[in-house]
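What follows is the content of target_30.tsv (TSV, C-alpha atoms).
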```tsv
chain	number	residue	atom	x	y	z
A	18	MET	CA	16.21	7.30	-21.24
A	19	LEU	CA	12.64	6.00	-20.81
A	20	SER	CA	12.53	2.64	-19.07
A	21	LYS	CA	10.07	0.00	-20.26
A	22	ARG	CA	6.51	1.15	-19.60
A	23	ALA	CA	4.21	-1.10	-17.59
A	24	TYR	CA	1.21	-2.77	-19.18
A	25	ASN	CA	-1.18	-0.58	-17.21
A	26	PHE	CA	-4.67	-2.02	-16.65
A	27	ASN	CA	-5.42	0.00	-13.51
A	28	ALA	CA	-9.06	0.92	-12.94
A	29	GLY	CA	-8.33	4.51	-11.91
A	30	PRO	CA	-6.19	6.52	-11.70
A	31	ALA	CA	-5.48	4.86	-14.99
A	32	ALA	CA	-3.24	4.95	-18.03
A	33	LEU	CA	-2.59	8.26	-19.75
A	34	PRO	CA	-1.48	8.52	-23.40
A	35	LEU	CA	2.30	8.42	-23.62
A	36	ALA	CA	2.25	11.25	-26.18
A	37	VAL	CA	0.38	13.43	-23.68
A	38	LEU	CA	2.82	12.65	-20.88
A	39	GLU	CA	5.74	13.52	-23.12
A	40	ARG	CA	4.16	16.84	-24.18
A	41	ALA	CA	3.44	17.68	-20.56
A	42	GLN	CA	7.01	16.81	-19.62
A	43	ALA	CA	8.35	19.18	-22.27
A	44	GLU	CA	6.16	22.03	-20.99
A	45	PHE	CA	6.40	21.26	-17.29
A	46	VAL	CA	9.01	23.81	-16.20
A	47	ASP	CA	8.36	26.62	-18.66
A	48	PHE	CA	4.85	26.91	-20.10
A	49	ARG	CA	4.53	29.05	-23.24
A	50	ASP	CA	7.74	30.97	-22.51
A	51	SER	CA	6.28	32.36	-19.28
A	52	GLY	CA	9.23	31.31	-17.12
A	53	MET	CA	6.77	29.32	-14.98
A	54	SER	CA	5.03	25.98	-14.89
A	55	ILE	CA	1.29	26.23	-15.46
A	56	MET	CA	0.97	24.91	-11.89
A	57	GLU	CA	2.60	28.12	-10.62
A	58	MET	CA	0.39	30.58	-12.47
A	59	SER	CA	-2.53	32.59	-11.20
A	60	HIS	CA	-5.82	31.08	-12.29
A	61	ARG	CA	-6.91	34.67	-13.00
A	62	GLY	CA	-4.11	35.20	-15.52
A	63	ALA	CA	-4.61	35.30	-19.26
A	64	ILE	CA	-2.38	32.31	-20.03
A	65	TYR	CA	-4.14	29.94	-17.65
A	66	GLU	CA	-7.62	31.19	-18.59
A	67	SER	CA	-6.88	30.55	-22.26
A	68	VAL	CA	-6.13	26.88	-21.45
A	69	HIS	CA	-9.21	26.66	-19.22
A	70	ASN	CA	-11.53	28.01	-21.92
A	71	GLU	CA	-9.84	25.98	-24.65
A	72	ALA	CA	-10.47	22.75	-22.73
A	73	GLN	CA	-14.17	23.59	-22.36
A	74	GLU	CA	-14.52	24.40	-26.05
A	75	ARG	CA	-12.56	21.34	-27.16
A	76	LEU	CA	-14.72	19.01	-25.08
A	77	LEU	CA	-17.94	20.41	-26.53
A	78	SER	CA	-16.43	20.22	-30.02
A	79	LEU	CA	-15.68	16.51	-29.59
A	80	LEU	CA	-19.32	16.06	-28.55
A	81	GLY	CA	-20.62	17.77	-31.68
A	82	ASN	CA	-21.01	21.31	-30.25
A	83	PRO	CA	-24.45	20.76	-28.70
A	84	LYS	CA	-26.39	24.00	-28.24
A	85	GLY	CA	-27.19	25.30	-24.77
A	86	TYR	CA	-24.65	23.22	-22.84
A	87	LYS	CA	-21.91	24.40	-20.46
A	88	VAL	CA	-18.78	22.58	-19.28
A	89	LEU	CA	-17.86	22.98	-15.62
A	90	PHE	CA	-14.60	21.93	-13.98
A	91	MET	CA	-15.34	20.79	-10.42
A	92	GLN	CA	-13.49	19.19	-7.53
A	93	GLY	CA	-14.38	16.38	-5.15
A	94	GLY	CA	-14.71	13.60	-7.70
A	95	ALA	CA	-17.92	11.95	-8.81
A	96	SER	CA	-18.62	11.29	-5.13
A	97	THR	CA	-19.30	14.99	-4.54
A	98	GLN	CA	-21.61	15.00	-7.57
A	99	PHE	CA	-23.60	12.19	-5.94
A	100	ALA	CA	-24.59	14.71	-3.26
A	101	MET	CA	-24.72	17.89	-5.36
A	102	ILE	CA	-27.23	16.50	-7.83
A	103	PRO	CA	-30.04	15.83	-5.32
A	104	MET	CA	-29.19	18.97	-3.33
A	105	ASN	CA	-29.52	21.15	-6.43
A	106	PHE	CA	-32.41	19.48	-8.23
A	107	ILE	CA	-34.79	17.81	-5.78
A	108	SER	CA	-37.48	20.22	-4.58
A	109	ALA	CA	-40.04	19.56	-1.82
A	110	GLY	CA	-42.25	16.63	-2.71
A	111	GLN	CA	-39.84	15.28	-5.34
A	112	VAL	CA	-37.39	12.38	-5.55
A	113	GLY	CA	-34.48	11.38	-7.75
A	114	SER	CA	-35.12	8.17	-9.72
A	115	TYR	CA	-32.12	5.86	-9.98
A	116	VAL	CA	-31.40	2.84	-12.15
A	117	MET	CA	-29.57	0.42	-9.89
A	118	THR	CA	-26.82	-1.31	-11.86
A	119	GLY	CA	-24.10	-1.95	-9.29
A	120	SER	CA	-21.66	-0.45	-6.84
A	121	TRP	CA	-21.45	3.11	-8.19
A	122	ALA	CA	-25.18	3.48	-8.85
A	123	ASP	CA	-25.73	2.36	-5.26
A	124	LYS	CA	-23.39	5.04	-3.90
A	125	ALA	CA	-25.23	7.73	-5.87
A	126	PHE	CA	-28.60	6.40	-4.69
A	127	LYS	CA	-27.57	6.46	-1.03
A	128	GLU	CA	-26.48	10.11	-1.27
A	129	ALA	CA	-29.84	11.02	-2.80
A	130	LYS	CA	-31.64	9.33	0.09
A	131	LEU	CA	-29.70	11.59	2.46
A	132	ALA	CA	-30.04	14.78	0.44
A	133	GLY	CA	-33.65	14.69	-0.68
A	134	GLY	CA	-35.26	11.43	-1.61
A	135	ALA	CA	-34.55	8.47	-3.87
A	136	HIS	CA	-36.62	6.06	-5.92
A	137	VAL	CA	-35.57	2.87	-7.71
A	138	ALA	CA	-36.53	3.20	-11.39
A	139	ALA	CA	-35.20	-0.27	-12.24
A	140	THR	CA	-32.68	-2.74	-10.85
A	141	SER	CA	-30.60	-5.69	-11.96
A	142	ALA	CA	-30.08	-6.94	-8.40
A	143	ASP	CA	-31.81	-10.19	-9.37
A	144	LYS	CA	-28.94	-10.78	-11.80
A	145	LYS	CA	-26.32	-9.84	-9.20
A	146	PHE	CA	-25.79	-6.61	-11.17
A	147	LEU	CA	-24.12	-8.53	-13.98
A	148	ALA	CA	-26.48	-7.08	-16.58
A	149	ILE	CA	-28.02	-3.71	-17.43
A	150	PRO	CA	-31.83	-3.68	-16.95
A	151	GLU	CA	-33.95	-3.79	-20.09
A	152	LEU	CA	-34.71	-0.21	-21.09
A	153	SER	CA	-38.43	-1.05	-21.21
A	154	THR	CA	-38.38	-1.81	-17.47
A	155	ILE	CA	-37.02	1.62	-16.46
A	156	THR	CA	-39.79	3.78	-15.02
A	157	ALA	CA	-39.13	7.08	-13.28
A	158	ALA	CA	-41.35	8.11	-10.39
A	159	ASP	CA	-44.26	10.46	-11.15
A	160	ASN	CA	-42.61	13.04	-8.88
A	161	ALA	CA	-39.07	12.47	-10.18
A	162	ALA	CA	-36.85	15.54	-10.50
A	163	TYR	CA	-34.53	13.51	-12.76
A	164	LEU	CA	-33.63	10.00	-13.89
A	165	HIS	CA	-30.08	8.94	-13.01
A	166	VAL	CA	-28.01	6.24	-14.73
A	167	THR	CA	-24.43	5.01	-14.31
A	168	SER	CA	-23.29	4.47	-17.87
A	169	ASN	CA	-20.53	1.97	-17.03
A	170	GLU	CA	-20.05	-0.03	-13.84
A	171	THR	CA	-16.31	-0.55	-13.39
A	172	ILE	CA	-16.58	-3.20	-10.67
A	173	GLU	CA	-19.11	-5.51	-12.30
A	174	GLY	CA	-17.95	-4.77	-15.87
A	175	THR	CA	-21.29	-3.74	-17.36
A	176	GLN	CA	-22.22	-0.87	-19.68
A	177	TYR	CA	-25.33	0.57	-21.30
A	178	ALA	CA	-25.44	-0.19	-25.02
A	179	GLU	CA	-27.97	2.62	-25.38
A	180	PHE	CA	-29.68	4.95	-22.94
A	181	PRO	CA	-33.30	5.22	-21.78
A	182	ASP	CA	-35.62	7.90	-23.09
A	183	SER	CA	-36.56	9.92	-20.00
A	184	GLY	CA	-39.10	12.09	-21.78
A	185	SER	CA	-39.54	15.48	-20.13
A	186	ILE	CA	-37.57	14.40	-17.03
A	187	PRO	CA	-33.86	15.35	-17.20
A	188	LEU	CA	-31.60	12.36	-17.75
A	189	ILE	CA	-28.45	12.54	-15.61
A	190	ALA	CA	-25.49	10.21	-16.13
A	191	ASP	CA	-22.38	9.31	-14.22
A	192	MET	CA	-19.98	8.67	-17.12
A	193	SER	CA	-16.81	8.62	-15.04
A	194	SER	CA	-15.49	5.40	-16.54
A	195	ASP	CA	-16.56	5.58	-20.18
A	196	ILE	CA	-16.88	9.24	-21.16
A	197	LEU	CA	-15.45	9.91	-24.64
A	198	SER	CA	-14.93	6.18	-25.24
A	199	ARG	CA	-17.67	6.09	-27.90
A	200	SER	CA	-20.10	8.27	-29.79
A	201	PHE	CA	-23.38	9.24	-28.09
A	202	ASP	CA	-26.03	11.96	-28.34
A	203	VAL	CA	-25.37	14.57	-25.67
A	204	ASN	CA	-28.76	16.16	-26.33
A	205	GLN	CA	-30.39	13.17	-24.66
A	206	PHE	CA	-28.96	14.30	-21.30
A	207	GLY	CA	-29.67	17.11	-18.90
A	208	LEU	CA	-26.36	16.63	-17.10
A	209	ILE	CA	-23.34	14.36	-17.43
A	210	TYR	CA	-20.53	14.13	-14.89
A	211	ALA	CA	-17.23	12.29	-14.87
A	212	GLY	CA	-14.19	12.06	-12.65
A	213	ALA	CA	-11.25	12.62	-14.99
A	214	GLN	CA	-8.97	9.86	-13.76
A	215	LYS	CA	-10.10	7.09	-16.10
A	216	ASN	CA	-10.56	8.55	-19.58
A	217	LEU	CA	-9.99	12.30	-19.39
A	218	GLY	CA	-6.79	12.96	-17.48
A	219	PRO	CA	-5.31	12.73	-13.99
A	220	SER	CA	-7.28	12.78	-10.76
A	221	GLY	CA	-8.18	16.14	-9.25
A	222	VAL	CA	-10.81	17.47	-11.64
A	223	THR	CA	-14.37	16.35	-12.31
A	224	VAL	CA	-16.03	17.38	-15.56
A	225	VAL	CA	-19.71	18.35	-15.67
A	226	ILE	CA	-21.52	18.89	-18.98
A	227	ALA	CA	-24.97	20.36	-18.36
A	228	LYS	CA	-27.86	22.11	-20.02
A	229	GLU	CA	-27.49	25.73	-19.04
A	230	GLU	CA	-31.16	26.00	-18.09
A	231	LEU	CA	-30.62	23.32	-15.42
A	232	ILE	CA	-27.68	24.99	-13.71
A	233	ALA	CA	-28.39	28.70	-14.17
A	234	GLU	CA	-30.21	28.98	-10.82
A	235	SER	CA	-29.69	26.79	-7.75
A	236	PRO	CA	-31.46	26.80	-4.38
A	237	SER	CA	-30.08	29.55	-2.14
A	238	THR	CA	-30.46	27.28	0.89
A	239	ILE	CA	-27.44	25.11	0.10
A	240	PRO	CA	-23.78	26.07	0.60
A	241	THR	CA	-22.40	28.38	-2.07
A	242	ILE	CA	-19.61	26.02	-3.16
A	243	LEU	CA	-22.14	23.19	-3.68
A	244	ARG	CA	-24.42	25.20	-5.95
A	245	TYR	CA	-24.11	24.60	-9.68
A	246	ASP	CA	-24.99	28.21	-10.44
A	247	THR	CA	-21.94	29.37	-8.47
A	248	HIS	CA	-19.65	27.54	-10.88
A	249	TYR	CA	-21.76	28.33	-13.93
A	250	LYS	CA	-21.78	32.08	-13.31
A	251	ASN	CA	-18.05	32.13	-12.54
A	252	ASN	CA	-16.89	29.93	-15.43
A	253	SER	CA	-15.59	27.35	-12.91
A	254	LEU	CA	-13.25	30.02	-11.47
A	255	TYR	CA	-15.16	30.87	-8.29
A	256	ASN	CA	-12.33	29.33	-6.28
A	257	THR	CA	-8.91	28.06	-7.34
A	258	PRO	CA	-9.43	25.27	-9.87
A	259	PRO	CA	-7.22	22.17	-10.15
A	260	SER	CA	-5.30	23.99	-12.86
A	261	TYR	CA	-2.73	21.34	-13.75
A	262	SER	CA	-5.38	18.62	-14.02
A	263	ILE	CA	-7.42	20.86	-16.33
A	264	TYR	CA	-4.33	21.51	-18.46
A	265	MET	CA	-3.85	17.74	-18.72
A	266	VAL	CA	-7.50	17.21	-19.68
A	267	ASN	CA	-6.99	19.69	-22.53
A	268	GLU	CA	-3.96	17.72	-23.71
A	269	VAL	CA	-5.88	14.43	-23.56
A	270	LEU	CA	-8.72	16.01	-25.56
A	271	LYS	CA	-6.17	17.06	-28.22
A	272	TRP	CA	-4.94	13.46	-28.31
A	273	ILE	CA	-8.51	12.17	-28.79
A	274	GLU	CA	-8.89	14.54	-31.73
A	275	GLU	CA	-5.69	13.05	-33.18
A	276	GLN	CA	-7.19	9.55	-32.87
A	277	GLY	CA	-10.08	10.54	-35.13
A	278	GLY	CA	-12.42	11.90	-32.47
A	279	LEU	CA	-15.07	9.73	-30.84
A	280	ALA	CA	-15.61	7.61	-33.95
A	281	GLY	CA	-11.91	6.81	-34.16
A	282	ILE	CA	-11.49	6.12	-30.46
A	283	GLU	CA	-14.62	3.92	-30.38
A	284	ALA	CA	-13.29	1.73	-33.18
A	285	LYS	CA	-10.02	1.26	-31.29
A	286	ASN	CA	-11.84	0.49	-28.05
A	287	ARG	CA	-14.11	-2.09	-29.67
A	288	ASP	CA	-11.08	-3.78	-31.25
A	289	LYS	CA	-9.37	-4.01	-27.85
A	290	ALA	CA	-12.45	-5.30	-26.05
A	291	GLY	CA	-13.24	-7.75	-28.84
A	292	LEU	CA	-9.75	-9.23	-28.66
A	293	LEU	CA	-10.07	-9.94	-24.92
A	294	TYR	CA	-13.67	-11.17	-24.93
A	295	ASN	CA	-12.99	-13.46	-27.89
A	296	HIS	CA	-10.00	-14.89	-26.05
A	297	ILE	CA	-12.03	-15.45	-22.87
A	298	ASP	CA	-14.96	-17.03	-24.73
A	299	GLY	CA	-12.64	-19.24	-26.75
A	300	SER	CA	-10.68	-20.61	-23.80
A	301	ASP	CA	-12.92	-23.67	-23.22
A	302	GLY	CA	-13.88	-22.40	-19.78
A	303	PHE	CA	-10.36	-21.77	-18.51
A	304	PHE	CA	-11.31	-18.09	-18.39
A	305	ARG	CA	-14.95	-17.12	-17.83
A	306	GLY	CA	-16.54	-13.74	-18.51
A	307	VAL	CA	-18.49	-12.31	-15.59
A	308	ALA	CA	-20.96	-9.84	-17.12
A	309	GLU	CA	-23.79	-11.03	-19.36
A	310	PRO	CA	-22.62	-10.73	-22.99
A	311	SER	CA	-25.31	-8.18	-23.96
A	312	SER	CA	-24.18	-5.87	-21.13
A	313	ARG	CA	-20.41	-6.27	-21.39
A	314	SER	CA	-18.31	-3.16	-20.91
A	315	ILE	CA	-15.74	-2.14	-23.52
A	316	MET	CA	-13.85	-0.37	-20.71
A	317	ASN	CA	-13.67	-2.91	-17.88
A	318	VAL	CA	-13.34	-6.57	-18.84
A	319	THR	CA	-14.19	-8.70	-15.78
A	320	PHE	CA	-13.46	-12.41	-15.74
A	321	ARG	CA	-12.85	-15.38	-13.45
A	322	MET	CA	-10.90	-18.63	-13.50
A	323	GLN	CA	-11.61	-22.07	-12.11
A	324	SER	CA	-10.45	-21.22	-8.58
A	325	GLU	CA	-9.30	-18.28	-6.50
A	326	ASP	CA	-5.92	-19.94	-6.05
A	327	LEU	CA	-5.46	-20.08	-9.82
A	328	GLU	CA	-6.48	-16.41	-10.08
A	329	LYS	CA	-3.83	-15.50	-7.51
A	330	GLN	CA	-1.22	-17.45	-9.46
A	331	PHE	CA	-2.30	-15.63	-12.64
A	332	VAL	CA	-1.98	-12.17	-11.04
A	333	LYS	CA	1.42	-13.00	-9.55
A	334	ALA	CA	2.77	-14.37	-12.83
A	335	ALA	CA	1.35	-11.40	-14.73
A	336	GLU	CA	3.02	-8.90	-12.40
A	337	LEU	CA	6.39	-10.53	-13.06
A	338	GLU	CA	5.83	-9.85	-16.77
A	339	GLY	CA	4.98	-6.18	-16.23
A	340	PHE	CA	1.17	-6.36	-16.13
A	341	VAL	CA	-0.37	-4.02	-13.55
A	342	GLY	CA	-3.88	-3.75	-12.13
A	343	LEU	CA	-5.43	-7.11	-13.07
A	344	LYS	CA	-6.91	-7.98	-9.67
A	345	GLY	CA	-10.67	-7.53	-9.51
A	346	HIS	CA	-12.16	-5.02	-7.10
A	347	ARG	CA	-11.85	-6.17	-3.50
A	348	SER	CA	-15.65	-6.26	-3.11
A	349	VAL	CA	-16.14	-8.92	-5.80
A	350	GLY	CA	-12.74	-10.55	-6.36
A	351	GLY	CA	-11.85	-12.18	-9.64
A	352	LEU	CA	-9.91	-10.47	-12.40
A	353	ARG	CA	-10.37	-7.23	-14.32
A	354	ALA	CA	-8.59	-5.55	-17.21
A	355	SER	CA	-9.46	-1.86	-17.48
A	356	ILE	CA	-8.81	-0.91	-21.09
A	357	TYR	CA	-9.61	2.78	-21.17
A	358	ASN	CA	-8.90	5.03	-24.16
A	359	ALA	CA	-5.20	5.45	-23.37
A	360	VAL	CA	-4.45	1.72	-23.06
A	361	PRO	CA	-2.84	0.85	-26.40
A	362	TYR	CA	-3.90	-2.14	-28.49
A	363	GLU	CA	-0.36	-3.50	-28.10
A	364	SER	CA	-0.86	-3.80	-24.32
A	365	VAL	CA	-4.12	-5.69	-24.81
A	366	LYS	CA	-2.49	-7.98	-27.36
A	367	ALA	CA	0.35	-8.65	-24.90
A	368	LEU	CA	-2.23	-9.54	-22.24
A	369	SER	CA	-4.05	-11.88	-24.62
A	370	ASP	CA	-0.75	-13.58	-25.48
A	371	PHE	CA	0.10	-13.91	-21.78
A	372	MET	CA	-3.33	-15.43	-21.05
A	373	ASN	CA	-2.75	-17.95	-23.82
A	374	HIS	CA	0.68	-18.86	-22.43
A	375	PHE	CA	-0.67	-19.17	-18.89
A	376	GLN	CA	-3.47	-21.47	-20.05
A	377	LYS	CA	-1.01	-23.70	-21.89
A	378	THR	CA	1.24	-24.06	-18.84
A	379	GLN	CA	-1.50	-24.32	-16.20
A	380	GLY	CA	-4.51	-25.73	-18.05
```
Kindly present the structure from the file in structure tokens form.
Amino acid sequence: MLSKRAYNFNAGPAALPLAVLERAQAEFVDFRDSGMSIMEMSHRGAIYESVHNEAQERLLSLLGNPKGYKVLFMQGGASTQFAMIPMNFISAGQVGSYVMTGSWADKAFKEAKLAGGAHVAATSADKKFLAIPELSTITAADNAAYLHVTSNETIEGTQYAEFPDSGSIPLIADMSSDILSRSFDVNQFGLIYAGAQKNLGPSGVTVVIAKEELIAESPSTIPTILRYDTHYKNNSLYNTPPSYSIYMVNEVLKWIEEQGGLAGIEAKNRDKAGLLYNHIDGSDGFFRGVAEPSSRSIMNVTFRMQSEDLEKQFVKAAELEGFVGLKGHRSVGGLRASIYNAVPYESVKALSDFMNHFQKTQG
């Protein structure tokens, strides 16, 4: 019998849809009458390859079947992409232009400095990274190989409402924490990458969605495994893929289809975020939102209280009631509720009710 599930607000690895976990459980030992788990199969076999290809096709379908794009399944998390992007795309005399919006943009920028060259296209450092820069202030370098954005900053709790027009320069986005949380135009991007462990599935696989013309040929001077064309030409099967994680991504994509696709999932996400932000804003200062309202994330709700001691009391009391993952990132402190796609509205409503109860007893 299933014990009571936690109210899971972890920032990543994060909540997975219960329906997906139950399907995976049912197929865990014997996948499609093969007498094996999918984890035990050869990645060269027909059964696994059908799942692999299905996941690629399903992802592109959810994104409107954009022409000329390829899905890659990579390893090493978004952190490896931070290095691969400049290694593959920056030629002699070029730089990567980066919009500096917080902790994850900074990590990507630092890797570009090591691997080729980096330029700051815009920054919100003057606002302590609690807002997304105005799109009109974003200017790529004249010698930019690409313009890089981090669509959602999990630590600060900020998110782009819309994306900059990069013109003829490829726009590259780290969408690790908000991919498939809302509708967007894929054709605006040259390459999108996302670690799976927030909105797509379990950790272990990183999804890349790229224009084929960008990844068809990579510099021969970089290691084979770090070249995009290696994975493009081998359908992400050059080496053994994280097969179980890819299987789980496919199951999560099916679940998103069942929620009404991106339009359906976006409506649910905005309802969840609206419930929390309205509660915070209506608490007479007992709770205080961190990010500027125009830049607030619908994935990571960051907030503070009147003192760190009170925040510690809140976290401790919440844990006793089954709430998990509400401490803010160690680099900034405070509180954070990560409400990714798989976090049900009921969990967010329970958190709102708990916040109301805590305020009444402690306010």
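Summary of the local environment: counting only C-alpha atoms, residues at most 10 Å from A:His346, other than itself and those fewer than 6 positions away along its chain, are Ala28, Thr171, Ile172, Glu173, Thr319, Leu352 and Arg353 of chain A.
The spacing separating atom CA of A:Asn160 from atom CA of A:Phe180 amounts to 20.7 Å.
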### Task
Kindly indicate which residue among A:Ala135, A:Val203, A:Leu197, A:Val37 lies nearest to A:Glu268, using all atoms listed in the file for the distances.
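Of the candidates, the smallest distance to A:Glu268 is held by A:Val37.
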Which residue, A:Ile102, A:Ala148, A:Ala284, A:Ala157, has the smallest gap to A:Ala129 when you use all atoms listed in the file?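 Smallest distance to A:Ala129 is found for A:Ile102.
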Would you write out, as CSV, a table of all residues in stretch 209-323 of chain A that have an atom no more than 10 Å from an atom of stretch 38-55 of chain A, listing for each the closest atom pair and the distance in Å to one decimal, considering only C-alpha atoms and ordering rows by chain and rising residue number?
```
residue,atom,partner,partner_atom,distance
A:Ser260,CA,A:Ile55,CA,7.4
A:Tyr261,CA,A:Ile55,CA,6.6
A:Tyr264,CA,A:Ile55,CA,7.9
A:Met265,CA,A:Ala41,CA,7.5
A:Glu268,CA,A:Ala41,CA,8.0
A:Val269,CA,A:Leu38,CA,9.3
```
What separates atom CA of A:Asp298 and atom CA of A:Pro30 is a distance of 28.3 Å
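Using all atoms listed in the file, the smallest distance between any of A:Thr241, A:Asn256, A:Gln376, A:Gln205 and A:Gly302 comes from A:Gln376.
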Practice problem: Between A:Ala31, A:Ile209, A:Val332, A:Ile242, single out the one closest to A:Lys228, counting all atoms listed in the file. | Solution: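 Smallest separation from A:Lys228 among the options: A:Ile209.
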As a check of understanding: the span from atom CA of A:Val341 to atom CA of A:Ala308 is 21.7 Å
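Considering all atoms listed in the file, the residue among A:Asn373, A:Ser253, A:Gln330, A:Ser194 positioned nearest to A:Gly299 is A:Asn373.
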Step by step: start from the point (-12.8, 0.3, -29.7) in the file's coordinates, keep every protein, DNA or RNA residue that has an atom no farther than 12 Å from it, count only C-alpha atoms, and write the set as a short mmCIF file (atom, residue, chain, number, x, y, z; two decimals) with C-alpha atoms, keeping the file's coordinate frame.
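The resulting file, part-v7.cif, is shown below:
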```cif
data_model
loop_
_atom_site.label_atom_id
_atom_site.label_comp_id
_atom_site.auth_asym_id
_atom_site.auth_seq_id
_atom_site.Cartn_x
_atom_site.Cartn_y
_atom_site.Cartn_z
CA ASP A 195 -16.56 5.58 -20.18
CA LEU A 197 -15.45 9.91 -24.64
CA SER A 198 -14.93 6.18 -25.24
CA ARG A 199 -17.67 6.09 -27.90
CA SER A 200 -20.10 8.27 -29.79
CA GLN A 276 -7.19 9.55 -32.87
CA GLY A 277 -10.08 10.54 -35.13
CA GLY A 278 -12.42 11.90 -32.47
CA LEU A 279 -15.07 9.73 -30.84
CA ALA A 280 -15.61 7.61 -33.95
CA GLY A 281 -11.91 6.81 -34.16
CA ILE A 282 -11.49 6.12 -30.46
CA GLU A 283 -14.62 3.92 -30.38
CA ALA A 284 -13.29 1.73 -33.18
CA LYS A 285 -10.02 1.26 -31.29
CA ASN A 286 -11.84 0.49 -28.05
CA ARG A 287 -14.11 -2.09 -29.67
CA ASP A 288 -11.08 -3.78 -31.25
CA LYS A 289 -9.37 -4.01 -27.85
CA ALA A 290 -12.45 -5.30 -26.05
CA GLY A 291 -13.24 -7.75 -28.84
CA LEU A 292 -9.75 -9.23 -28.66
CA LEU A 293 -10.07 -9.94 -24.92
CA SER A 314 -18.31 -3.16 -20.91
CA ILE A 315 -15.74 -2.14 -23.52
CA MET A 316 -13.85 -0.37 -20.71
CA ILE A 356 -8.81 -0.91 -21.09
CA TYR A 357 -9.61 2.78 -21.17
CA ASN A 358 -8.90 5.03 -24.16
CA ALA A 359 -5.20 5.45 -23.37
CA VAL A 360 -4.45 1.72 -23.06
CA PRO A 361 -2.84 0.85 -26.40
CA TYR A 362 -3.90 -2.14 -28.49
CA VAL A 365 -4.12 -5.69 -24.81
#
```
ask   = Given the choices A:Pro236, A:Pro34, A:Ala23, A:Glu74, which gets closest to A:Glu275 if the distance is worked out from all atoms listed in the file?
value =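 For A:Glu275, the nearest of the candidates is A:Pro34.
All residues of protein, DNA or RNA that reach within 9 Å of A:Pro181, judged by only C-alpha atoms and not counting those fewer than 5 positions away in the chain, are Leu152, Ser153, Ile155, Val166, Leu188 and Gln205 of chain A.
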Within 9 Å of A:Met372 using all atoms listed in the file, minus same-chain residues under 5 positions, as a PDB file with C-alpha atoms, keeping the file's coordinate frame:
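Saved the output as result-v6.pdb:
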```
ATOM      1  CA  HIS A 296     -10.000 -14.890 -26.050  1.00  0.00           C
ATOM      2  CA  ILE A 297     -12.030 -15.450 -22.870  1.00  0.00           C
ATOM      3  CA  PHE A 304     -11.310 -18.090 -18.390  1.00  0.00           C
ATOM      4  CA  PHE A 331      -2.300 -15.630 -12.640  1.00  0.00           C
ATOM      5  CA  ALA A 335       1.350 -11.400 -14.730  1.00  0.00           C
ATOM      6  CA  ALA A 367       0.350  -8.650 -24.900  1.00  0.00           C
ATOM      7  CA  LYS A 377      -1.010 -23.700 -21.890  1.00  0.00           C
TER       8      LYS A 377
END
```
For stretch 78-93 of chain A, please output as an mmCIF file with C-alpha atoms, in the frame of the given file all residues within 8 Å (counting only C-alpha atoms; exclusion window: fewer than 2 positions along the same chain).
```
data_model
loop_
_atom_site.group_PDB
_atom_site.id
_atom_site.type_symbol
_atom_site.label_atom_id
_atom_site.label_comp_id
_atom_site.auth_asym_id
_atom_site.auth_seq_id
_atom_site.Cartn_x
_atom_site.Cartn_y
_atom_site.Cartn_z
ATOM 1 C CA GLN A 73 -14.170 23.590 -22.360
ATOM 2 C CA GLU A 74 -14.520 24.400 -26.050
ATOM 3 C CA ARG A 75 -12.560 21.340 -27.160
ATOM 4 C CA LEU A 76 -14.720 19.010 -25.080
ATOM 5 C CA ALA A 95 -17.920 11.950 -8.810
ATOM 6 C CA SER A 96 -18.620 11.290 -5.130
ATOM 7 C CA THR A 97 -19.300 14.990 -4.540
ATOM 8 C CA GLN A 98 -21.610 15.000 -7.570
ATOM 9 C CA SER A 200 -20.100 8.270 -29.790
ATOM 10 C CA PHE A 201 -23.380 9.240 -28.090
ATOM 11 C CA ASP A 202 -26.030 11.960 -28.340
ATOM 12 C CA VAL A 203 -25.370 14.570 -25.670
ATOM 13 C CA ASN A 204 -28.760 16.160 -26.330
ATOM 14 C CA GLY A 221 -8.180 16.140 -9.250
ATOM 15 C CA VAL A 222 -10.810 17.470 -11.640
ATOM 16 C CA THR A 223 -14.370 16.350 -12.310
ATOM 17 C CA VAL A 224 -16.030 17.380 -15.560
ATOM 18 C CA VAL A 225 -19.710 18.350 -15.670
ATOM 19 C CA ILE A 226 -21.520 18.890 -18.980
ATOM 20 C CA ALA A 227 -24.970 20.360 -18.360
ATOM 21 C CA LYS A 228 -27.860 22.110 -20.020
ATOM 22 C CA GLU A 229 -27.490 25.730 -19.040
ATOM 23 C CA GLU A 230 -31.160 26.000 -18.090
ATOM 24 C CA HIS A 248 -19.650 27.540 -10.880
ATOM 25 C CA TYR A 249 -21.760 28.330 -13.930
ATOM 26 C CA ASN A 252 -16.890 29.930 -15.430
ATOM 27 C CA SER A 253 -15.590 27.350 -12.910
ATOM 28 C CA PRO A 258 -9.430 25.270 -9.870
ATOM 29 C CA PRO A 259 -7.220 22.170 -10.150
ATOM 30 C CA ILE A 263 -7.420 20.860 -16.330
ATOM 31 C CA GLU A 274 -8.890 14.540 -31.730
ATOM 32 C CA GLY A 278 -12.420 11.900 -32.470
ATOM 33 C CA LEU A 279 -15.070 9.730 -30.840
#
```
### Protein, DNA and RNA residues within 12 Å of (-15.2, -18.7, -6.4), all atoms listed in the file, as a list in words
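Result, sorted by chain then residue number: Arg305, Val307, Phe320, Arg321, Met322, Gln323, Ser324, Glu325, Asp326, Leu327, Glu328, Lys329, Val349, Gly350, Gly351 and Leu352 of chain A.
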Take every atom of stretch 318-333 of chain A listed in the file, fit an axis-aligned box around them, add 3 Å per side, and give the centre and edge lengths in Å to one decimal as JSON.
```
{"center_x": -6.4, "center_y": -14.3, "center_z": -12.4, "size_x": 21.6, "size_y": 21.5, "size_z": 18.8}
```
